[in-house]
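Next comes coords_27.csv, a file with CSV, C-alpha atoms.
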chain,number,residue,atom,x,y,z
A,220,MET,CA,64.2,153.0,136.5
A,221,VAL,CA,61.8,150.1,136.0
A,222,LEU,CA,62.9,146.6,134.9
A,223,ILE,CA,60.4,144.4,133.2
A,224,SER,CA,61.1,140.8,132.5
A,225,CYS,CA,59.5,138.9,129.7
A,226,ARG,CA,60.8,135.6,130.9
A,227,GLN,CA,58.1,133.0,131.3
A,228,ASP,CA,58.3,130.3,134.0
A,229,GLN,CA,60.8,127.8,132.9
A,230,LYS,CA,59.5,124.2,132.9
A,231,GLU,CA,62.0,121.5,133.2
A,232,LEU,CA,61.5,118.2,131.4
A,233,ILE,CA,61.2,115.4,133.9
A,234,THR,CA,60.6,112.6,131.4
A,235,GLN,CA,59.7,112.3,127.7
A,236,LYS,CA,57.8,109.2,128.4
A,237,ILE,CA,56.1,107.7,131.4
A,238,GLN,CA,53.5,105.0,131.3
A,239,TYR,CA,51.1,104.0,134.0
A,240,ASP,CA,47.6,102.5,134.6
A,241,VAL,CA,44.7,104.3,136.1
A,242,LEU,CA,41.8,102.4,137.5
A,243,ILE,CA,38.5,103.8,136.3
A,244,LYS,CA,36.4,101.4,138.4
A,245,SER,CA,37.2,101.0,142.1
A,246,PRO,CA,38.2,97.4,143.2
A,247,ASP,CA,36.8,98.1,146.6
A,248,ALA,CA,33.2,99.3,147.2
A,249,ASP,CA,34.3,100.7,150.6
A,250,TYR,CA,36.5,103.3,149.1
A,251,ASP,CA,35.2,106.9,148.7
A,252,TRP,CA,33.5,107.1,145.4
A,253,TRP,CA,36.2,109.2,143.8
A,254,ILE,CA,39.2,107.0,144.7
A,255,GLN,CA,40.3,105.0,141.7
A,256,ASN,CA,36.9,105.4,140.2
A,257,LEU,CA,34.9,107.3,137.7
A,258,PRO,CA,31.1,107.3,138.3
A,259,GLY,CA,29.3,104.8,136.1
A,260,PRO,CA,27.9,107.1,133.4
A,261,GLN,CA,31.2,109.0,133.0
A,262,ARG,CA,33.2,105.7,132.9
A,263,GLU,CA,30.8,104.2,130.3
A,264,ASN,CA,31.0,107.4,128.2
A,265,LEU,CA,34.8,107.4,128.3
A,266,VAL,CA,35.0,103.7,127.3
A,267,ASN,CA,32.4,104.3,124.5
A,268,ILE,CA,34.3,107.2,123.1
A,269,ILE,CA,37.5,105.2,123.0
A,270,LEU,CA,36.0,102.0,121.6
A,271,ASP,CA,33.6,103.6,119.2
A,272,GLY,CA,36.3,105.9,117.9
A,273,ALA,CA,38.7,102.9,117.3
A,274,LEU,CA,36.1,100.6,115.9
A,275,SER,CA,34.9,103.3,113.4
A,276,GLY,CA,38.4,104.2,112.4
A,277,LYS,CA,37.9,107.8,113.7
A,278,TYR,CA,41.0,107.4,115.9
A,279,PRO,CA,44.0,105.7,114.3
A,280,SER,CA,45.0,102.7,116.5
A,281,TYR,CA,48.2,100.9,117.1
A,282,ASP,CA,49.3,97.6,118.5
A,283,TYR,CA,51.7,97.0,121.4
A,284,PHE,CA,54.7,97.4,119.0
A,285,ASN,CA,53.4,100.7,117.6
A,286,ASN,CA,52.3,99.2,114.3
A,287,PRO,CA,49.1,100.8,112.8
A,288,ILE,CA,46.1,98.5,113.0
A,289,SER,CA,42.8,98.8,111.2
A,290,ALA,CA,39.3,99.1,112.8
A,291,TYR,CA,38.8,95.4,111.8
A,292,ASP,CA,42.0,94.5,113.8
A,293,VAL,CA,40.6,96.3,116.8
A,294,SER,CA,37.3,94.3,116.5
A,295,LYS,CA,39.4,91.1,116.5
A,296,ILE,CA,41.3,92.1,119.6
A,297,LEU,CA,37.9,92.3,121.4
A,298,SER,CA,37.3,88.7,120.7
A,299,ASP,CA,39.9,86.1,121.8
A,300,THR,CA,39.8,82.4,120.7
A,301,SER,CA,41.6,79.7,122.6
A,302,VAL,CA,41.9,76.0,121.8
A,303,LEU,CA,42.1,73.7,124.9
A,304,THR,CA,42.9,70.0,125.1
A,305,LEU,CA,40.7,68.4,127.7
A,306,MET,CA,40.2,64.8,128.9
A,307,ALA,CA,36.8,63.2,128.7
A,308,LYS,CA,35.1,62.6,132.1
A,309,GLU,CA,33.9,59.2,131.1
A,310,PRO,CA,36.0,56.1,130.0
A,311,PRO,CA,38.0,55.7,127.9
A,312,TYR,CA,39.1,59.2,129.1
A,313,GLU,CA,40.3,60.3,125.7
A,314,TYR,CA,41.6,63.7,125.0
A,315,TYR,CA,39.7,66.1,122.8
A,316,ASP,CA,40.1,69.7,121.7
A,317,THR,CA,37.6,72.4,122.3
A,318,THR,CA,37.5,76.0,121.1
A,319,ILE,CA,36.5,78.7,123.6
A,320,VAL,CA,35.7,82.2,122.4
A,321,TYR,CA,36.2,85.0,124.9
A,322,ARG,CA,34.6,88.3,124.1
A,323,ILE,CA,35.8,91.5,125.9
A,324,GLN,CA,32.8,93.5,127.0
A,325,ARG,CA,32.9,97.2,127.5
A,326,ASP,CA,32.4,96.7,131.3
A,327,ASP,CA,35.6,94.6,131.3
A,328,ILE,CA,37.6,97.7,130.6
A,329,LEU,CA,38.5,98.8,134.1
A,330,LYS,CA,41.7,100.7,133.5
A,331,ILE,CA,43.2,103.3,131.1
A,332,ARG,CA,46.9,103.1,130.4
A,333,PHE,CA,48.4,106.6,129.9
A,334,LEU,CA,51.6,107.5,128.0
A,335,GLU,CA,52.7,111.0,129.0
A,336,GLU,CA,55.4,113.6,129.0
A,337,TRP,CA,56.0,115.4,132.3
A,338,LYS,CA,57.5,118.8,132.9
A,339,THR,CA,57.7,120.7,136.2
A,340,ASP,CA,58.3,124.3,137.4
A,341,LYS,CA,60.6,123.6,140.3
A,342,ASN,CA,60.0,127.1,141.7
A,343,LYS,CA,56.3,126.6,142.1
A,344,LEU,CA,56.3,122.8,142.1
A,345,THR,CA,53.7,122.7,139.4
A,346,PHE,CA,53.5,119.9,136.9
A,347,GLU,CA,52.5,119.9,133.3
A,348,LYS,CA,51.5,116.5,131.9
A,349,ARG,CA,51.0,116.0,128.2
A,350,VAL,CA,49.1,112.9,127.2
A,351,LEU,CA,50.9,111.2,124.2
A,352,GLY,CA,48.6,108.1,124.1
A,353,ILE,CA,46.0,106.1,125.9
A,354,ALA,CA,45.2,102.4,125.9
A,355,PRO,CA,42.1,100.7,127.3
A,356,VAL,CA,43.0,97.8,129.6
A,357,ALA,CA,40.6,94.9,130.1
A,358,ARG,CA,40.4,92.6,133.1
A,359,ARG,CA,40.6,89.0,131.8
A,360,ILE,CA,40.3,85.6,133.5
A,361,ASP,CA,42.4,83.1,131.6
A,362,PRO,CA,41.4,79.4,131.2
A,363,MET,CA,43.3,78.5,134.4
A,364,GLY,CA,41.2,81.1,136.3
A,365,ILE,CA,44.0,83.5,136.8
A,366,GLU,CA,43.3,87.3,136.6
A,367,ARG,CA,45.3,89.2,134.1
A,368,TRP,CA,45.2,92.7,132.6
A,369,GLN,CA,45.3,93.1,128.9
A,370,PRO,CA,46.1,96.4,127.2
A,371,LEU,CA,44.0,96.2,124.0
A,372,PHE,CA,45.5,98.8,121.7
A,373,TRP,CA,47.0,102.3,121.7
A,374,ILE,CA,45.5,105.6,120.5
A,375,TYR,CA,48.1,108.3,120.3
A,376,THR,CA,46.9,111.8,120.9
A,377,ASP,CA,50.0,113.8,120.0
A,378,ASP,CA,50.8,114.3,116.3
A,379,ASN,CA,54.5,114.9,117.0
A,380,PHE,CA,54.7,111.6,118.8
A,381,ILE,CA,52.9,109.8,116.0
A,382,GLN,CA,55.4,111.2,113.5
A,383,SER,CA,58.3,110.0,115.7
A,384,LEU,CA,56.9,106.5,115.4
A,385,LYS,CA,57.3,106.6,111.6
A,386,LYS,CA,61.0,107.4,111.8
Please lay out the structure from this file as structure tokens.
Amino acid sequence: MVLISCRQDQKELITQKIQYDVLIKSPDADYDWWIQNLPGPQRENLVNIILDGALSGKYPSYDYFNNPISAYDVSKILSDTSVLTLMAKEPPYEYYDTTIVYRIQRDDILKIRFLEEWKTDKNKLTFEKRVLGIAPVARRIDPMGIERWQPLFWIYTDDNFIQSLKK
């Protein structure tokens, strides 16, 4: 007698959503080239694919609150305007307002934020990750000189996840 099982490996859902950032350019030149880093041409290509697709409208884009945004809105995100009140350096030391325009350059995008679903096969300790969305993250220096990281917009890659946003 021969028994044959048609049962496939059972994958257990670990989480429906997990979000994390991945550096695509190493913060330390002393690291091995592959640690927290994509080589220059591959990094530039990935950033170009994401930005060109969002700016052309090829990839539907969403803001932080999952509202759809247009290609024009994406272009506005890449340019940030601040109005600062400063004091004149000469007497009578009056205050004046000045407008500063910050433009996010493609080489400012040093991280990719991933939104994923994770499953595991606990018998083999294998993982299955399904990417639900990606967001380019730019390094910014604010007017006070403080480094901050700004997620620019989301591109969702899973149609079922996009449909769940509309409910």
Subject >> For Gln238 in chain A: contacts at 12 Å, all atoms listed in the file, fewer than 5 positions along chain excluded, given as a ChimeraX atom specification >> reply: /A:331-337,348-354,373
Written selection (C-alpha atoms) as a tab-separated table (two decimals), keeping the file's coordinate frame:
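Final output, saved to again13.tsv:
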chain	number	residue	atom	x	y	z
A	331	ILE	CA	43.20	103.30	131.10
A	332	ARG	CA	46.90	103.10	130.40
A	333	PHE	CA	48.40	106.60	129.90
A	334	LEU	CA	51.60	107.50	128.00
A	335	GLU	CA	52.70	111.00	129.00
A	336	GLU	CA	55.40	113.60	129.00
A	337	TRP	CA	56.00	115.40	132.30
A	348	LYS	CA	51.50	116.50	131.90
A	349	ARG	CA	51.00	116.00	128.20
A	350	VAL	CA	49.10	112.90	127.20
A	351	LEU	CA	50.90	111.20	124.20
A	352	GLY	CA	48.60	108.10	124.10
A	353	ILE	CA	46.00	106.10	125.90
A	354	ALA	CA	45.20	102.40	125.90
A	373	TRP	CA	47.00	102.30	121.70
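In terms of minimum interatomic distance to Pro246 in chain A, A:Lys330 ranks closest within A:Lys341, A:Arg367, A:Arg325, A:Lys330, counting all atoms listed in the file.
Omitting Val356 in chain A and its sequence neighbours fewer than 2 positions away, and counting only C-alpha atoms, the residues within 9 Å are Asp240, Asp327, Ile328, Leu329, Lys330, Ile331, Arg332, Ala354, Arg358, Trp368, Gln369, Pro370, Leu371 and Phe372 of chain A.
Distances from A:Pro310, A:Gly276, A:Pro355, A:Pro287 to Asp326 in chain A were compared using all atoms listed in the file, and the smallest one belongs to A:Pro355.
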**OP:** Write out as a count of residues only which residues come within 12 Å of Tyr315 in chain A when counting all atoms listed in the file, dropping same-chain ones fewer than 4 positions away.
**Re:** 8
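With distances restricted to all atoms listed in the file, A:Phe346 is the closest residue to Lys230 in chain A from A:Tyr321, A:Tyr314, A:Phe284, A:Phe346.
Nearest to Ser289 in chain A of all the residues A:Gln261, A:Gln324, A:Thr376, A:Ser275 is A:Ser275, based on all atoms listed in the file.
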Original post:
What lies within 8 Å of Asp340 in chain A using only C-alpha atoms, ignoring chain neighbours under 4 positions off, as an MDAnalysis selection string?
Top reply: chainID A and resid 228:231 344:346
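Going from CA of Arg322 in chain A to CA of Pro362 in chain A covers 13.3 Å.
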Restore N, CA and C atoms in range 288-318 of chain A and list the result as a compact mmCIF listing (two decimals), in the coordinates of the input.
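Okay, this is what ended up in out.txt:
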# COMPACT_ATOMS: atom_id res chain seq x y z
N ILE A 288 47.06 99.59 113.20
CA ILE A 288 46.10 98.50 113.00
C ILE A 288 44.78 99.10 112.54
N SER A 289 44.03 98.31 111.81
CA SER A 289 42.80 98.80 111.20
C SER A 289 41.63 98.63 112.27
N ALA A 290 40.50 99.23 111.93
CA ALA A 290 39.30 99.10 112.80
C ALA A 290 38.92 97.61 112.89
N TYR A 291 39.10 96.87 111.79
CA TYR A 291 38.80 95.40 111.80
C TYR A 291 39.73 94.71 112.81
N ASP A 292 41.00 95.08 112.81
CA ASP A 292 42.00 94.50 113.80
C ASP A 292 41.53 94.78 115.21
N VAL A 293 41.05 95.99 115.45
CA VAL A 293 40.60 96.30 116.80
C VAL A 293 39.41 95.42 117.17
N SER A 294 38.49 95.19 116.23
CA SER A 294 37.30 94.30 116.50
C SER A 294 37.80 92.89 116.84
N LYS A 295 38.87 92.43 116.16
CA LYS A 295 39.40 91.10 116.50
C LYS A 295 40.04 91.02 117.83
N ILE A 296 40.65 92.11 118.27
CA ILE A 296 41.30 92.10 119.60
C ILE A 296 40.22 91.95 120.68
N LEU A 297 39.01 92.43 120.42
CA LEU A 297 37.90 92.30 121.40
C LEU A 297 37.33 90.95 121.50
N SER A 298 37.80 90.04 120.66
CA SER A 298 37.30 88.70 120.70
C SER A 298 38.56 87.75 120.64
N ASP A 299 38.73 86.92 121.66
CA ASP A 299 39.90 86.10 121.80
C ASP A 299 39.51 84.61 121.72
N THR A 300 40.17 83.84 120.89
CA THR A 300 39.80 82.40 120.70
C THR A 300 40.98 81.57 121.27
N SER A 301 40.62 80.60 122.10
CA SER A 301 41.60 79.70 122.60
C SER A 301 41.17 78.24 122.31
N VAL A 302 42.15 77.39 122.03
CA VAL A 302 41.90 76.00 121.80
C VAL A 302 42.48 75.23 123.02
N LEU A 303 41.64 74.50 123.73
CA LEU A 303 42.10 73.70 124.90
C LEU A 303 41.99 72.26 124.62
N THR A 304 42.93 71.50 125.14
CA THR A 304 42.90 70.00 125.10
C THR A 304 42.39 69.57 126.44
N LEU A 305 41.28 68.86 126.44
CA LEU A 305 40.70 68.40 127.70
C LEU A 305 40.57 66.86 127.64
N MET A 306 40.39 66.27 128.82
CA MET A 306 40.20 64.80 128.90
C MET A 306 38.73 64.55 129.20
N ALA A 307 38.18 63.58 128.50
CA ALA A 307 36.80 63.20 128.70
C ALA A 307 36.59 62.70 130.14
N LYS A 308 35.41 62.98 130.71
CA LYS A 308 35.10 62.60 132.10
C LYS A 308 34.68 61.15 132.21
N GLU A 309 34.36 60.54 131.09
CA GLU A 309 33.90 59.20 131.10
C GLU A 309 34.94 58.28 130.37
N PRO A 310 35.01 57.00 130.72
CA PRO A 310 36.00 56.10 130.00
C PRO A 310 35.64 56.10 128.53
N PRO A 311 36.61 56.03 127.73
CA PRO A 311 38.00 55.70 127.90
C PRO A 311 38.90 56.88 128.23
N TYR A 312 38.36 58.01 128.70
CA TYR A 312 39.10 59.20 129.10
C TYR A 312 40.04 59.71 128.00
N GLU A 313 39.48 59.77 126.82
CA GLU A 313 40.30 60.30 125.70
C GLU A 313 40.39 61.78 125.73
N TYR A 314 41.43 62.26 125.09
CA TYR A 314 41.60 63.70 125.00
C TYR A 314 40.86 64.24 123.79
N TYR A 315 40.38 65.45 123.93
CA TYR A 315 39.70 66.10 122.80
C TYR A 315 40.01 67.61 122.89
N ASP A 316 39.91 68.24 121.74
CA ASP A 316 40.10 69.70 121.70
C ASP A 316 38.80 70.40 121.67
N THR A 317 38.78 71.54 122.32
CA THR A 317 37.60 72.40 122.30
C THR A 317 38.02 73.83 122.10
N THR A 318 37.19 74.57 121.41
CA THR A 318 37.50 76.00 121.10
C THR A 318 36.61 76.84 122.05
